[in-house]
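Colleague: Here it is, the structure, as structure tokens.
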Amino acid sequence: DVGANVLSRVAPFTIAGAANGATCTVFFESTNTAVSGKTPGATQYLSATTPGLSTETAPSTAGQIVQRIGVATSATTINFEPQVPITLA
């Protein structure tokens, strides 16, 4: 069981989808291989507009949350190392 305090500070990911209520493996640190179109070496941020996706452009609008989630190591992998999120004023 993952406490709400932990979830409020990180954005875990799964490699495979799961139905509501089903069991799945959740990663808090690892290599995410379920991505494509990434620029190797580019910092990845949690998307402010598309839930569950990453972007190479940090959110910049007041009220949005900026969370660095790692660095792309290839076009199809992200070294997932989430940082503490911040809310833009």
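The chains in the structure tokens are called A, B, ... from first to last as shown; in each chain the residues are counted from 1, and the ligands are counted from 1 in the order shown.
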Set the distance at 12 Å and use only C-alpha atoms: which residues neighbour stretch 42-51 of chain A once local chain neighbours fewer than 2 positions away are removed? I'd like the list as a VMD selection string.

Modeller: chain A and resid 10 to 13 32 35 37 to 40 53 to 75 77 to 88

Colleague: Using DSSP secondary structure from the backbone, list all alpha helix (DSSP H) positions within chain A, as a list of chain:residue names.

Modeller: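 Of chain A, the ones in alpha helix (DSSP H) are A:Ala4, A:Asn5, A:Val6, A:Leu7.
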
Colleague: Write out, as a PDB file, in the first residue's frame, the residues just selected, with N, CA, C and O atoms.

Modeller:
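The resulting part-v8.pdb:
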ATOM      1  N   ALA A   4      -0.533   8.243   0.714  1.00  0.00           N
ATOM      2  CA  ALA A   4      -0.839   9.456  -0.048  1.00  0.00           C
ATOM      3  C   ALA A   4       0.313  10.444   0.000  1.00  0.00           C
ATOM      4  O   ALA A   4       0.542  11.184  -0.949  1.00  0.00           O
ATOM      5  N   ASN A   5       1.071  10.451   1.099  1.00  0.00           N
ATOM      6  CA  ASN A   5       2.197  11.369   1.215  1.00  0.00           C
ATOM      7  C   ASN A   5       3.240  11.075   0.151  1.00  0.00           C
ATOM      8  O   ASN A   5       3.818  11.975  -0.435  1.00  0.00           O
ATOM      9  N   VAL A   6       3.504   9.815  -0.126  1.00  0.00           N
ATOM     10  CA  VAL A   6       4.469   9.444  -1.159  1.00  0.00           C
ATOM     11  C   VAL A   6       3.937   9.829  -2.529  1.00  0.00           C
ATOM     12  O   VAL A   6       4.638  10.411  -3.342  1.00  0.00           O
ATOM     13  N   LEU A   7       2.686   9.516  -2.813  1.00  0.00           N
ATOM     14  CA  LEU A   7       2.118   9.810  -4.126  1.00  0.00           C
ATOM     15  C   LEU A   7       2.031  11.296  -4.416  1.00  0.00           C
ATOM     16  O   LEU A   7       2.044  11.701  -5.568  1.00  0.00           O
TER      17      LEU A   7
END

Colleague: Quick one, how far is atom CA of A:Ser30 from atom CA of A:Gly17?

Modeller: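 Separating atom CA of A:Ser30 from atom CA of A:Gly17 is a distance of 17.0 Å.
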
Colleague: Report, in Å with one decimal, the straight-line distance from atom CA of A:Ile15 to atom CA of A:Thr33.

Modeller: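 Separation between atom CA of A:Ile15 and atom CA of A:Thr33: 7.1 Å.
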
Colleague: Among the residues of chain A, find those DSSP assigns to strand (DSSP E) from the backbone and print them as a PyMOL selection string.

Modeller: chain A and resi 30-32+43-46+54-55+65-66+68-74+77-80+86-87

Colleague: Would you save the residues from that selection as a PDB file, in the first residue's frame, using C-alpha atoms?

Modeller:
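Saved as selection_15.pdb:
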ATOM      1  CA  SER A  30      13.748   2.514 -13.168  1.00  0.00           C
ATOM      2  CA  THR A  31      13.947   2.723 -16.938  1.00  0.00           C
ATOM      3  CA  ASN A  32      10.635   3.357 -18.664  1.00  0.00           C
ATOM      4  CA  THR A  43      14.953  16.296 -19.728  1.00  0.00           C
ATOM      5  CA  GLN A  44      11.438  14.871 -19.446  1.00  0.00           C
ATOM      6  CA  TYR A  45       8.584  16.505 -17.535  1.00  0.00           C
ATOM      7  CA  LEU A  46       5.187  15.222 -16.520  1.00  0.00           C
ATOM      8  CA  SER A  54       5.792  13.080 -20.590  1.00  0.00           C
ATOM      9  CA  THR A  55       6.983  16.099 -22.510  1.00  0.00           C
ATOM     10  CA  ILE A  65       2.618  21.686 -11.803  1.00  0.00           C
ATOM     11  CA  VAL A  66       6.188  21.204 -13.013  1.00  0.00           C
ATOM     12  CA  ARG A  68      10.905  16.623 -13.794  1.00  0.00           C
ATOM     13  CA  ILE A  69      10.563  12.875 -14.240  1.00  0.00           C
ATOM     14  CA  GLY A  70      13.913  11.952 -15.777  1.00  0.00           C
ATOM     15  CA  VAL A  71      16.078  12.054 -18.876  1.00  0.00           C
ATOM     16  CA  ALA A  72      15.593  10.284 -22.213  1.00  0.00           C
ATOM     17  CA  THR A  73      18.439   7.839 -22.772  1.00  0.00           C
ATOM     18  CA  SER A  74      17.214   6.913 -26.262  1.00  0.00           C
ATOM     19  CA  THR A  77      13.603   4.956 -23.020  1.00  0.00           C
ATOM     20  CA  ILE A  78      13.505   7.377 -20.099  1.00  0.00           C
ATOM     21  CA  ASN A  79      15.745   6.995 -17.071  1.00  0.00           C
ATOM     22  CA  PHE A  80      12.935   7.612 -14.589  1.00  0.00           C
ATOM     23  CA  ILE A  86       6.416  22.559  -7.884  1.00  0.00           C
ATOM     24  CA  THR A  87       3.305  24.599  -8.637  1.00  0.00           C
TER      25      THR A  87
END

Colleague: Could you please determine the separation between atom CA of A:Ser36 and atom CA of A:Ala18 in Å, to one decimal place?

Modeller: 19.8 Å
